file upload-v7.pdb (PDB, C-alpha atoms and all ligand atoms)
MODEL        1
ATOM      1  CA  MET Q1500       0.000   0.000   0.000  1.00  0.00           C
ATOM      2  CA  LEU Q1501       1.338   3.415  -1.025  1.00  0.00           C
ATOM      3  CA  GLN Q1502       0.232   6.288   1.227  1.00  0.00           C
ATOM      4  CA  ILE Q1503       0.142   9.674  -0.489  1.00  0.00           C
ATOM      5  CA  ASP Q1504      -0.473  12.924   1.402  1.00  0.00           C
ATOM      6  CA  LEU Q1505      -0.833  16.276  -0.338  1.00  0.00           C
ATOM      7  CA  ILE Q1506      -0.565  19.620   1.436  1.00  0.00           C
ATOM      8  CA  SER Q1507      -2.061  22.601  -0.385  1.00  0.00           C
ATOM      9  CA  ILE Q1508      -3.832  25.916   0.154  1.00  0.00           C
ATOM     10  CA  PHE Q1509      -6.286  24.828  -2.603  1.00  0.00           C
ATOM     11  CA  PRO Q1510      -7.321  21.335  -1.457  1.00  0.00           C
ATOM     12  CA  GLU Q1511     -10.509  21.421  -3.641  1.00  0.00           C
ATOM     13  CA  TYR Q1512      -8.238  21.650  -6.683  1.00  0.00           C
ATOM     14  CA  LEU Q1513      -7.120  18.074  -5.970  1.00  0.00           C
ATOM     15  CA  ALA Q1514     -10.625  16.534  -6.022  1.00  0.00           C
ATOM     16  CA  PRO Q1515     -10.028  14.632  -9.340  1.00  0.00           C
ATOM     17  CA  LEU Q1516      -7.671  12.290  -7.469  1.00  0.00           C
ATOM     18  CA  LYS Q1517     -10.793  10.368  -6.374  1.00  0.00           C
ATOM     19  CA  LEU Q1518     -11.800   9.569  -9.970  1.00  0.00           C
ATOM     20  CA  SER Q1519     -11.130   6.858 -12.530  1.00  0.00           C
ATOM     21  CA  LEU Q1520      -7.997   4.728 -12.239  1.00  0.00           C
ATOM     22  CA  LEU Q1521      -6.829   6.405  -9.022  1.00  0.00           C
ATOM     23  CA  GLY Q1522     -10.262   6.038  -7.409  1.00  0.00           C
ATOM     24  CA  LYS Q1523     -10.309   2.335  -8.264  1.00  0.00           C
ATOM     25  CA  ALA Q1524      -6.776   1.845  -6.903  1.00  0.00           C
ATOM     26  CA  GLN Q1525      -7.956   3.376  -3.611  1.00  0.00           C
ATOM     27  CA  ASP Q1526     -11.042   1.098  -3.557  1.00  0.00           C
ATOM     28  CA  LYS Q1527      -8.680  -1.875  -4.079  1.00  0.00           C
ATOM     29  CA  GLN Q1528      -6.515  -0.589  -1.162  1.00  0.00           C
ATOM     30  CA  LEU Q1529      -3.407  -0.413  -3.323  1.00  0.00           C
ATOM     31  CA  LEU Q1530      -3.264   3.310  -2.698  1.00  0.00           C
ATOM     32  CA  SER Q1531      -4.430   5.788  -0.040  1.00  0.00           C
ATOM     33  CA  ILE Q1532      -4.617   9.488  -0.948  1.00  0.00           C
ATOM     34  CA  ASN Q1533      -5.167  12.125   1.736  1.00  0.00           C
ATOM     35  CA  ILE Q1534      -5.519  15.858   1.105  1.00  0.00           C
ATOM     36  CA  HIS Q1535      -4.600  18.451   3.742  1.00  0.00           C
ATOM     37  CA  ASP Q1536      -5.288  22.192   3.886  1.00  0.00           C
ATOM     38  CA  LEU Q1537      -2.110  24.076   4.840  1.00  0.00           C
ATOM     39  CA  ARG Q1538      -4.253  26.801   6.438  1.00  0.00           C
ATOM     40  CA  ASP Q1539      -5.481  24.293   9.063  1.00  0.00           C
ATOM     41  CA  GLN Q1540      -2.012  24.716  10.619  1.00  0.00           C
ATOM     42  CA  THR Q1541      -2.226  28.471  11.094  1.00  0.00           C
ATOM     43  CA  ALA Q1542      -3.223  30.027  14.413  1.00  0.00           C
ATOM     44  CA  ASP Q1543      -3.649  33.683  13.374  1.00  0.00           C
ATOM     45  CA  VAL Q1544      -7.030  35.151  12.412  1.00  0.00           C
ATOM     46  CA  HIS Q1545      -6.061  35.603   8.749  1.00  0.00           C
ATOM     47  CA  HIS Q1546      -4.594  32.102   8.414  1.00  0.00           C
ATOM     48  CA  SER Q1547      -1.465  33.601   6.804  1.00  0.00           C
ATOM     49  CA  VAL Q1548       0.828  31.207   5.015  1.00  0.00           C
ATOM     50  CA  ASP Q1549       3.192  33.665   3.312  1.00  0.00           C
ATOM     51  CA  ASP Q1550       5.305  36.694   4.095  1.00  0.00           C
ATOM     52  CA  THR Q1551       7.625  39.195   2.400  1.00  0.00           C
ATOM     53  CA  PRO Q1552      10.985  37.876   1.168  1.00  0.00           C
ATOM     54  CA  TYR Q1553      14.161  38.586   3.174  1.00  0.00           C
ATOM     55  CA  GLY Q1554      16.464  40.622   0.930  1.00  0.00           C
ATOM     56  CA  GLY Q1555      13.530  42.303  -0.760  1.00  0.00           C
ATOM     57  CA  GLY Q1556      11.942  41.713  -4.155  1.00  0.00           C
ATOM     58  CA  ALA Q1557       8.514  41.088  -5.615  1.00  0.00           C
ATOM     59  CA  GLY Q1558       5.984  38.538  -4.429  1.00  0.00           C
ATOM     60  CA  MET Q1559       5.656  36.586  -1.235  1.00  0.00           C
ATOM     61  CA  VAL Q1560       7.397  33.503   0.148  1.00  0.00           C
ATOM     62  CA  MET Q1561       5.554  30.691   1.896  1.00  0.00           C
ATOM     63  CA  SER Q1562       6.427  30.528   5.592  1.00  0.00           C
ATOM     64  CA  PRO Q1563       8.296  27.444   6.820  1.00  0.00           C
ATOM     65  CA  VAL Q1564       6.308  27.363  10.089  1.00  0.00           C
ATOM     66  CA  ALA Q1565       2.991  26.053   8.720  1.00  0.00           C
ATOM     67  CA  TRP Q1566       4.786  23.666   6.320  1.00  0.00           C
ATOM     68  CA  GLY Q1567       6.866  22.139   9.106  1.00  0.00           C
ATOM     69  CA  ASP Q1568       3.828  21.710  11.373  1.00  0.00           C
ATOM     70  CA  ALA Q1569       1.775  20.120   8.560  1.00  0.00           C
ATOM     71  CA  ILE Q1570       4.536  17.697   7.518  1.00  0.00           C
ATOM     72  CA  ASP Q1571       5.300  16.699  11.141  1.00  0.00           C
ATOM     73  CA  GLN Q1572       1.627  15.999  11.824  1.00  0.00           C
ATOM     74  CA  ILE Q1573       1.430  13.571   8.885  1.00  0.00           C
ATOM     75  CA  THR Q1574       4.689  11.747   9.603  1.00  0.00           C
ATOM     76  CA  LYS Q1575       5.559   8.973  12.071  1.00  0.00           C
ATOM     77  CA  ASP Q1576       9.153   8.924  13.390  1.00  0.00           C
ATOM     78  CA  ASP Q1577       9.791   5.297  12.387  1.00  0.00           C
ATOM     79  CA  GLU Q1578       8.808   5.486   8.695  1.00  0.00           C
ATOM     80  CA  ILE Q1579      10.670   6.468   5.550  1.00  0.00           C
ATOM     81  CA  VAL Q1580       9.046   9.353   3.688  1.00  0.00           C
ATOM     82  CA  ASP Q1581       9.646  10.702   0.199  1.00  0.00           C
ATOM     83  CA  LEU Q1582       8.947  14.450   0.433  1.00  0.00           C
ATOM     84  CA  ILE Q1583       8.298  15.896  -3.013  1.00  0.00           C
ATOM     85  CA  ILE Q1584       8.518  19.675  -3.303  1.00  0.00           C
ATOM     86  CA  LEU Q1585       7.099  20.892  -6.619  1.00  0.00           C
ATOM     87  CA  THR Q1586       9.073  23.724  -8.173  1.00  0.00           C
ATOM     88  CA  PRO Q1587      10.018  24.846 -11.702  1.00  0.00           C
ATOM     89  CA  ALA Q1588      13.618  24.877 -10.390  1.00  0.00           C
ATOM     90  CA  GLY Q1589      13.589  21.124  -9.607  1.00  0.00           C
ATOM     91  CA  ARG Q1590      14.873  17.961 -11.295  1.00  0.00           C
ATOM     92  CA  LYS Q1591      12.844  17.160 -14.430  1.00  0.00           C
ATOM     93  CA  PHE Q1592      10.238  14.427 -13.847  1.00  0.00           C
ATOM     94  CA  THR Q1593      10.655  11.334 -16.058  1.00  0.00           C
ATOM     95  CA  GLN Q1594       9.245   7.816 -16.396  1.00  0.00           C
ATOM     96  CA  LYS Q1595      12.351   6.560 -14.577  1.00  0.00           C
ATOM     97  CA  ILE Q1596      11.547   8.766 -11.552  1.00  0.00           C
ATOM     98  CA  ALA Q1597       7.894   7.589 -11.688  1.00  0.00           C
ATOM     99  CA  LEU Q1598       9.156   3.998 -11.394  1.00  0.00           C
ATOM    100  CA  GLU Q1599      11.262   4.945  -8.327  1.00  0.00           C
ATOM    101  CA  PHE Q1600       8.296   6.683  -6.655  1.00  0.00           C
ATOM    102  CA  SER Q1601       6.013   3.692  -7.375  1.00  0.00           C
ATOM    103  CA  LYS Q1602       8.162   1.649  -4.944  1.00  0.00           C
ATOM    104  CA  SER Q1603       7.776   4.146  -2.079  1.00  0.00           C
ATOM    105  CA  LYS Q1604       5.635   3.422   1.022  1.00  0.00           C
ATOM    106  CA  HIS Q1605       4.812   7.058   1.816  1.00  0.00           C
ATOM    107  CA  ILE Q1606       4.976  10.168  -0.355  1.00  0.00           C
ATOM    108  CA  ILE Q1607       4.176  13.697   0.861  1.00  0.00           C
ATOM    109  CA  PHE Q1608       3.624  16.376  -1.792  1.00  0.00           C
ATOM    110  CA  ALA Q1609       4.242  19.990  -0.786  1.00  0.00           C
ATOM    111  CA  CYS Q1610       2.139  21.961  -3.275  1.00  0.00           C
ATOM    112  CA  GLY Q1611       3.318  25.538  -2.922  1.00  0.00           C
ATOM    113  CA  ARG Q1612       2.614  28.620  -4.947  1.00  0.00           C
ATOM    114  CA  TYR Q1613       5.088  29.607  -7.619  1.00  0.00           C
ATOM    115  CA  GLU Q1614       6.955  32.276  -5.622  1.00  0.00           C
ATOM    116  CA  GLY Q1615       8.142  29.334  -3.595  1.00  0.00           C
ATOM    117  CA  ILE Q1616       8.425  27.841  -0.149  1.00  0.00           C
ATOM    118  CA  ASP Q1617      11.113  29.065   2.288  1.00  0.00           C
ATOM    119  CA  ALA Q1618      14.228  27.100   1.269  1.00  0.00           C
ATOM    120  CA  ARG Q1619      14.805  25.843   4.828  1.00  0.00           C
ATOM    121  CA  VAL Q1620      11.849  23.413   4.565  1.00  0.00           C
ATOM    122  CA  GLY Q1621      13.708  21.228   2.041  1.00  0.00           C
ATOM    123  CA  GLN Q1622      16.979  21.707   3.914  1.00  0.00           C
ATOM    124  CA  TYR Q1623      15.470  20.689   7.299  1.00  0.00           C
ATOM    125  CA  TYR Q1624      13.881  17.453   6.068  1.00  0.00           C
ATOM    126  CA  ALA Q1625      16.850  16.510   3.846  1.00  0.00           C
ATOM    127  CA  ASP Q1626      18.937  16.423   7.047  1.00  0.00           C
ATOM    128  CA  LYS Q1627      16.527  13.984   8.740  1.00  0.00           C
ATOM    129  CA  ALA Q1628      17.484  10.298   8.446  1.00  0.00           C
ATOM    130  CA  ASN Q1629      13.966   9.072   7.579  1.00  0.00           C
ATOM    131  CA  PHE Q1630      13.264  11.663   4.835  1.00  0.00           C
ATOM    132  CA  ARG Q1631      14.260  11.695   1.196  1.00  0.00           C
ATOM    133  CA  VAL Q1632      13.615  15.147  -0.275  1.00  0.00           C
ATOM    134  CA  HIS Q1633      12.980  15.563  -4.009  1.00  0.00           C
ATOM    135  CA  GLU Q1634      12.638  18.984  -5.656  1.00  0.00           C
ATOM    136  CA  ILE Q1635      10.785  18.149  -8.862  1.00  0.00           C
ATOM    137  CA  SER Q1636       9.675  20.065 -11.982  1.00  0.00           C
ATOM    138  CA  ILE Q1637       7.263  18.572 -14.513  1.00  0.00           C
ATOM    139  CA  GLY Q1638       8.587  20.751 -17.352  1.00  0.00           C
ATOM    140  CA  ASP Q1639      10.063  24.096 -18.318  1.00  0.00           C
ATOM    141  CA  TYR Q1640       6.989  26.284 -17.896  1.00  0.00           C
ATOM    142  CA  VAL Q1641       5.617  28.081 -14.852  1.00  0.00           C
ATOM    143  CA  LEU Q1642       2.391  26.971 -13.152  1.00  0.00           C
ATOM    144  CA  GLY Q1643       0.491  28.995 -10.547  1.00  0.00           C
ATOM    145  CA  GLY Q1644       0.861  26.270  -7.953  1.00  0.00           C
ATOM    146  CA  GLY Q1645       2.120  22.748  -7.451  1.00  0.00           C
ATOM    147  CA  GLU Q1646      -1.304  21.019  -7.437  1.00  0.00           C
ATOM    148  CA  VAL Q1647      -1.496  20.093 -11.125  1.00  0.00           C
ATOM    149  CA  ALA Q1648       2.166  19.034 -11.110  1.00  0.00           C
ATOM    150  CA  ALA Q1649       1.451  16.725  -8.149  1.00  0.00           C
ATOM    151  CA  MET Q1650      -1.491  15.175 -10.016  1.00  0.00           C
ATOM    152  CA  VAL Q1651       0.711  14.533 -13.057  1.00  0.00           C
ATOM    153  CA  ILE Q1652       3.282  12.764 -10.877  1.00  0.00           C
ATOM    154  CA  ILE Q1653       0.628  10.736  -9.024  1.00  0.00           C
ATOM    155  CA  GLU Q1654      -1.039   9.591 -12.248  1.00  0.00           C
ATOM    156  CA  ALA Q1655       2.272   8.498 -13.796  1.00  0.00           C
ATOM    157  CA  THR Q1656       3.394   6.816 -10.560  1.00  0.00           C
ATOM    158  CA  ALA Q1657       0.204   5.015  -9.472  1.00  0.00           C
ATOM    159  CA  ARG Q1658      -0.262   3.137 -12.756  1.00  0.00           C
ATOM    160  CA  LEU Q1659       3.168   1.507 -12.227  1.00  0.00           C
ATOM    161  CA  ILE Q1660       2.082  -0.057  -8.904  1.00  0.00           C
ATOM    162  CA  PRO Q1661       1.406  -3.778  -9.446  1.00  0.00           C
ATOM    163  CA  GLY Q1662      -2.353  -4.418  -9.611  1.00  0.00           C
ATOM    164  CA  VAL Q1663      -3.395  -0.847 -10.465  1.00  0.00           C
ATOM    165  CA  LEU Q1664      -3.660  -1.481 -14.223  1.00  0.00           C
ATOM    166  CA  GLY Q1665      -6.002  -4.178 -15.490  1.00  0.00           C
ATOM    167  CA  ASN Q1666      -3.680  -5.251 -18.308  1.00  0.00           C
ATOM    168  CA  PRO Q1667       0.022  -5.151 -17.332  1.00  0.00           C
ATOM    169  CA  ASP Q1668       1.074  -6.178 -20.887  1.00  0.00           C
ATOM    170  CA  SER Q1669       0.290  -2.632 -21.990  1.00  0.00           C
ATOM    171  CA  LEU Q1670       3.011  -1.358 -19.630  1.00  0.00           C
ATOM    172  CA  LYS Q1671       5.775  -3.170 -21.530  1.00  0.00           C
ATOM    173  CA  GLU Q1672       4.937  -1.780 -24.946  1.00  0.00           C
ATOM    174  CA  GLU Q1673       4.094   1.825 -24.270  1.00  0.00           C
ATOM    175  CA  SER Q1674       5.981   4.999 -25.118  1.00  0.00           C
ATOM    176  CA  HIS Q1675       8.728   5.886 -22.650  1.00  0.00           C
ATOM    177  CA  SER Q1676       8.474   2.552 -20.896  1.00  0.00           C
ATOM    178  CA  ILE Q1677      11.869   1.615 -19.567  1.00  0.00           C
ATOM    179  CA  THR Q1678      14.045  -1.465 -19.566  1.00  0.00           C
ATOM    180  CA  GLY Q1679      15.326  -3.317 -16.497  1.00  0.00           C
ATOM    181  CA  ASP Q1680      18.461  -1.153 -16.408  1.00  0.00           C
ATOM    182  CA  GLY Q1681      16.394   2.029 -16.526  1.00  0.00           C
ATOM    183  CA  GLU Q1682      17.322   3.059 -20.067  1.00  0.00           C
ATOM    184  CA  ASP Q1683      14.659   4.852 -22.089  1.00  0.00           C
ATOM    185  CA  LEU Q1684      13.146   2.754 -24.860  1.00  0.00           C
ATOM    186  CA  LEU Q1685      11.886   4.023 -28.182  1.00  0.00           C
ATOM    187  CA  VAL Q1686       8.605   5.908 -28.340  1.00  0.00           C
ATOM    188  CA  GLU Q1687       5.625   3.906 -29.547  1.00  0.00           C
ATOM    189  CA  TYR Q1688       4.870   2.964 -33.175  1.00  0.00           C
ATOM    190  CA  PRO Q1689       1.684   4.362 -34.772  1.00  0.00           C
ATOM    191  CA  ASN Q1690      -1.541   2.394 -34.122  1.00  0.00           C
ATOM    192  CA  TYR Q1691      -4.481   1.654 -36.457  1.00  0.00           C
ATOM    193  CA  THR Q1692      -7.896   0.023 -36.165  1.00  0.00           C
ATOM    194  CA  LYS Q1693     -10.946  -0.437 -38.435  1.00  0.00           C
ATOM    195  CA  PRO Q1694     -11.977   0.746 -40.963  1.00  0.00           C
ATOM    196  CA  ALA Q1695      -9.049  -0.149 -43.264  1.00  0.00           C
ATOM    197  CA  ASN Q1696      -9.854   2.922 -45.374  1.00  0.00           C
ATOM    198  CA  TRP Q1697     -10.962   6.012 -43.438  1.00  0.00           C
ATOM    199  CA  ARG Q1698     -11.686   9.194 -45.420  1.00  0.00           C
ATOM    200  CA  GLY Q1699      -9.297   7.965 -48.116  1.00  0.00           C
ATOM    201  CA  LEU Q1700      -6.476   7.140 -45.719  1.00  0.00           C
ATOM    202  CA  GLU Q1701      -5.329   3.486 -45.885  1.00  0.00           C
ATOM    203  CA  VAL Q1702      -3.908   1.421 -43.028  1.00  0.00           C
ATOM    204  CA  PRO Q1703      -0.330   0.364 -43.957  1.00  0.00           C
ATOM    205  CA  GLN Q1704      -0.604  -2.897 -45.977  1.00  0.00           C
ATOM    206  CA  VAL Q1705       1.913  -4.802 -43.835  1.00  0.00           C
ATOM    207  CA  LEU Q1706      -0.478  -4.618 -40.836  1.00  0.00           C
ATOM    208  CA  LEU Q1707      -3.159  -6.445 -42.883  1.00  0.00           C
ATOM    209  CA  SER Q1708      -0.713  -9.119 -44.135  1.00  0.00           C
ATOM    210  CA  GLY Q1709      -0.874 -11.459 -41.136  1.00  0.00           C
ATOM    211  CA  ASN Q1710       2.937 -11.791 -41.359  1.00  0.00           C
ATOM    212  CA  HIS Q1711       3.929 -11.305 -37.717  1.00  0.00           C
ATOM    213  CA  GLY Q1712       7.669 -11.153 -38.428  1.00  0.00           C
ATOM    214  CA  GLU Q1713       7.215  -8.380 -41.001  1.00  0.00           C
ATOM    215  CA  ILE Q1714       4.791  -6.532 -38.694  1.00  0.00           C
ATOM    216  CA  ALA Q1715       7.302  -6.593 -35.819  1.00  0.00           C
ATOM    217  CA  LYS Q1716      10.084  -5.327 -38.151  1.00  0.00           C
ATOM    218  CA  TRP Q1717       7.850  -2.527 -39.496  1.00  0.00           C
ATOM    219  CA  ARG Q1718       6.794  -1.418 -36.010  1.00  0.00           C
ATOM    220  CA  LYS Q1719      10.404  -1.337 -34.792  1.00  0.00           C
ATOM    221  CA  ALA Q1720      11.437   0.785 -37.805  1.00  0.00           C
ATOM    222  CA  GLN Q1721       8.506   3.169 -37.193  1.00  0.00           C
ATOM    223  CA  ALA Q1722       9.372   3.502 -33.504  1.00  0.00           C
ATOM    224  CA  GLU Q1723      13.008   4.259 -34.407  1.00  0.00           C
ATOM    225  CA  ARG Q1724      11.929   6.853 -36.991  1.00  0.00           C
ATOM    226  CA  ARG Q1725       9.608   8.582 -34.493  1.00  0.00           C
ATOM    227  CA  THR Q1726      12.266   8.564 -31.784  1.00  0.00           C
ATOM    228  CA  ARG Q1727      14.842  10.046 -34.196  1.00  0.00           C
ATOM    229  CA  GLU Q1728      12.392  12.720 -35.389  1.00  0.00           C
ATOM    230  CA  LEU Q1729      11.679  13.730 -31.780  1.00  0.00           C
ATOM    231  CA  GLY Q1730      15.403  14.368 -31.465  1.00  0.00           C
ATOM    232  CA  SER Q1731      15.385  12.897 -27.963  1.00  0.00           C
ATOM    233  CA  GLU Q1732      17.941  10.202 -28.708  1.00  0.00           C
TER
HETATM  234  N1  LIG S1801       7.286  22.412 -13.533  1.00  0.00           N
HETATM  235  C1  LIG S1801       6.656  23.355 -12.759  1.00  0.00           C
HETATM  236  C2  LIG S1801       6.363  23.339 -11.400  1.00  0.00           C
HETATM  237  C3  LIG S1801       5.768  24.572 -11.151  1.00  0.00           C
HETATM  238  C4  LIG S1801       5.276  25.091  -9.903  1.00  0.00           C
HETATM  239  S1  LIG S1801       5.336  24.244  -8.467  1.00  0.00           S
HETATM  240  C5  LIG S1801       4.643  25.449  -7.527  1.00  0.00           C
HETATM  241  C6  LIG S1801       4.374  26.490  -8.323  1.00  0.00           C
HETATM  242  C7  LIG S1801       4.727  26.323  -9.677  1.00  0.00           C
HETATM  243  N2  LIG S1801       5.728  25.259 -12.277  1.00  0.00           N
HETATM  244  N3  LIG S1801       6.280  24.533 -13.242  1.00  0.00           N
ENDMDL
END

call {"tool": "encode", "arguments": {"input": "upload-v7.pdb", "output": "structure tokens", "more": "lines below"}}
Ligand code: J9N
result
Amino acid sequence: MLQIDLISIFPEYLAPLKLSLLGKAQDKQLLSINIHDLRDQTADVHHSVDDTPYGGGAGMVMSPVAWGDAIDQITKDDEIVDLIILTPAGRKFTQKIALEFSKSKHIIFACGRYEGIDARVGQYYADKANFRVHEISIGDYVLGGGEVAAMVIIEATARLIPGVLGNPDSLKEESHSITGDGEDLLVEYPNYTKPANWRGLEVPQVLLSGNHGEIAKWRKAQAERRTRELGSE
């Protein structure tokens, strides 16, 4: 069972995590997802979670006090926790990292706003023996907050947990699936289904031939062409 906790000032934004594949994984008790409101930690009347940056500059910085209290409340001293801090300045998320996270027992997502969380939060937990801290970006663009990035990571991670997908064969063949040594494979070949002629466009003849050797060769060549054209390898 993978326990996932998310801490956010917009907990309603994370409601889709109950749906579809992730909802079914929770019903099957392969996964437990819990959403926490950062403002529940604050004692002041305005429930403040941010303050002006030391050194000056635009925007606000999220206070470490509420973050530390929220993380401590979720964590037991005797468990190993992967703390994922979403930030455009983090390590780029990949299928290989999703596979690592899918083996975790407990993941906490700190969903901050884009101005960022006080840097000491990551520093403090990185120095604790039972925490592994990951600063992660999902791509080179700036989001308003970490919520959508967390959902991307959870969706990619959860489907790699044994039992979450109905048909595990589909895992082996898909784009960006990875080999035992963690090397990226080719992207997927193009797929076709009926009708054989659609609006004048024919399905490649080899796929109708019934020659499985030729089909495998054609698909491999197509996957290599697509991978080369992406320029990723
Ligand atoms: N890749 C990425 C992450 C973000 C975040 S996290 C919190 C605010 C913005 N933007 N882009």

call {"tool": "residues_around", "arguments": {"input": "upload-v7.pdb", "residues": "Gln1525 of chain Q", "least_positions_apart": "3", "cutoff": "10 Å", "atoms": "all atoms listed in the file", "output": "PyMOL selection string"}}
result
chain Q and resi 1500-1502+1516-1518+1520-1522+1528-1532+1663

call {"tool": "resolve_selection", "arguments": {"input": "upload-v7.pdb", "expression": "the PyMOL selection byres (((chain Q and resi 1643-1650) around 10) and not hetatm)", "output": "NGL selection string"}}
result
:Q and (1505-1513 or 1515-1516 or 1583-1587 or 1592 or 1607-1615 or 1635-1638 or 1641-1642 or 1651-1656)

call {"tool": "closest_residue", "arguments": {"input": "upload-v7.pdb", "among": "Q:Trp1697, Q:Tyr1640, Q:Tyr1691, Q:Trp1717", "to": "ligand LIG 1801 (chain S)", "atoms": "only C-alpha atoms and all ligand atoms"}}
result
Q:Tyr1640

call {"tool": "closest_residue", "arguments": {"input": "upload-v7.pdb", "among": "Q:Ile1660, Q:Leu1598, Q:Ala1565, Q:Ala1524", "to": "Leu1537 of chain Q", "atoms": "all atoms listed in the file"}}
result
Q:Ala1565

call {"tool": "atom_distance", "arguments": {"input": "upload-v7.pdb", "atom1": "atom CA of Lys1602 of chain Q", "atom2": "atom CA of Thr1726 of chain Q"}}
result
28.0 Å

call {"tool": "closest_residue", "arguments": {"input": "upload-v7.pdb", "among": "Q:Ser1603, Q:Thr1541, Q:Thr1593, Q:Asn1533", "to": "ligand LIG 1801 (chain S)", "atoms": "only C-alpha atoms and all ligand atoms"}}
result
Q:Thr1593

call {"tool": "closest_residue", "arguments": {"input": "upload-v7.pdb", "among": "Q:Glu1672, Q:Asp1626, Q:Asp1571, Q:Asp1617", "to": "Met1559 of chain Q", "atoms": "all atoms listed in the file"}}
result
Q:Asp1617

call {"tool": "residues_around", "arguments": {"input": "upload-v7.pdb", "residues": "Leu1659 of chain Q", "least_positions_apart": "6", "cutoff": "8 Å", "atoms": "all atoms listed in the file", "output": "list in words"}}
result
Ala1597, Leu1598, Ser1601 and Leu1670 of chain Q

call {"tool": "residues_around", "arguments": {"input": "upload-v7.pdb", "residues": "segment 1704-1715 of chain Q", "least_positions_apart": "5", "cutoff": "10 Å", "atoms": "all atoms listed in the file", "output": "list in words"}}
result
Asn1690, Tyr1691, Thr1692, Ala1695, Ala1720 and Gln1721 of chain Q

call {"tool": "atom_distance", "arguments": {"input": "upload-v7.pdb", "atom1": "atom CA of Ala1625 of chain Q", "atom2": "atom CA of Asp1577 of chain Q"}}
result
15.8 Å

call {"tool": "residues_around", "arguments": {"input": "upload-v7.pdb", "residues": "Phe1630 of chain Q", "least_positions_apart": "6", "cutoff": "12 Å", "atoms": "only C-alpha atoms", "output": "PDB file with C-alpha atoms, in the coordinates of the input"}}
result
ATOM      1  CA  ILE Q1570       4.536  17.697   7.518  1.00  0.00           C
ATOM      2  CA  ASP Q1571       5.300  16.699  11.141  1.00  0.00           C
ATOM      3  CA  THR Q1574       4.689  11.747   9.603  1.00  0.00           C
ATOM      4  CA  LYS Q1575       5.559   8.973  12.071  1.00  0.00           C
ATOM      5  CA  ASP Q1576       9.153   8.924  13.390  1.00  0.00           C
ATOM      6  CA  ASP Q1577       9.791   5.297  12.387  1.00  0.00           C
ATOM      7  CA  GLU Q1578       8.808   5.486   8.695  1.00  0.00           C
ATOM      8  CA  ILE Q1579      10.670   6.468   5.550  1.00  0.00           C
ATOM      9  CA  VAL Q1580       9.046   9.353   3.688  1.00  0.00           C
ATOM     10  CA  ASP Q1581       9.646  10.702   0.199  1.00  0.00           C
ATOM     11  CA  LEU Q1582       8.947  14.450   0.433  1.00  0.00           C
ATOM     12  CA  ILE Q1583       8.298  15.896  -3.013  1.00  0.00           C
ATOM     13  CA  SER Q1603       7.776   4.146  -2.079  1.00  0.00           C
ATOM     14  CA  LYS Q1604       5.635   3.422   1.022  1.00  0.00           C
ATOM     15  CA  HIS Q1605       4.812   7.058   1.816  1.00  0.00           C
ATOM     16  CA  ILE Q1606       4.976  10.168  -0.355  1.00  0.00           C
ATOM     17  CA  ILE Q1607       4.176  13.697   0.861  1.00  0.00           C
ATOM     18  CA  VAL Q1620      11.849  23.413   4.565  1.00  0.00           C
ATOM     19  CA  GLY Q1621      13.708  21.228   2.041  1.00  0.00           C
ATOM     20  CA  GLN Q1622      16.979  21.707   3.914  1.00  0.00           C
ATOM     21  CA  TYR Q1623      15.470  20.689   7.299  1.00  0.00           C
ATOM     22  CA  TYR Q1624      13.881  17.453   6.068  1.00  0.00           C
TER      23      TYR Q1624
END

call {"tool": "resolve_selection", "arguments": {"input": "upload-v7.pdb", "expression": "the PyMOL selection byres (((chain Q and resi 1548) around 8) and not hetatm)", "output": "JSON, numbers by chain"}}
result
{"Q": [1537, 1538, 1541, 1546, 1547, 1549, 1550, 1561, 1562, 1565]}

call {"tool": "resolve_selection", "arguments": {"input": "upload-v7.pdb", "expression": "the PyMOL selection byres (((chain Q and resi 1688) around 6) and not hetatm)", "output": "MDAnalysis selection string"}}
result
chainID Q and resid 1687 1689 1718 1721:1722

call {"tool": "atom_distance", "arguments": {"input": "upload-v7.pdb", "atom1": "atom C4 of ligand LIG 1801 (chain S)", "atom2": "atom CA of Ala1588 of chain Q"}}
result
8.4 Å

call {"tool": "closest_residue", "arguments": {"input": "upload-v7.pdb", "among": "Q:Lys1595, Q:His1675, Q:His1535, Q:Arg1590", "to": "Asp1568 of chain Q", "atoms": "only C-alpha atoms"}}
result
Q:His1535

call {"tool": "axis_aligned_box", "arguments": {"input": "upload-v7.pdb", "around": "segment 1695-1700 of chain Q", "padding_each_side": "8 Å", "output": "lines of an AutoDock Vina configuration file"}}
result
center_x = -9.1
center_y = 4.5
center_z = -45.7
size_x = 21.2
size_y = 25.3
size_z = 20.9

call {"tool": "residues_around", "arguments": {"input": "upload-v7.pdb", "residues": "Arg1724 of chain Q", "least_positions_apart": "5", "cutoff": "10 Å", "atoms": "all atoms listed in the file", "output": "VMD selection string"}}
result
chain Q and resid 1685 to 1686 1688 1718 to 1719 1729 to 1730

call {"tool": "closest_residue", "arguments": {"input": "upload-v7.pdb", "among": "Q:Arg1725, Q:Arg1619, Q:Lys1591, Q:His1633", "to": "ligand LIG 1801 (chain S)", "atoms": "only C-alpha atoms and all ligand atoms"}}
result
Q:Lys1591
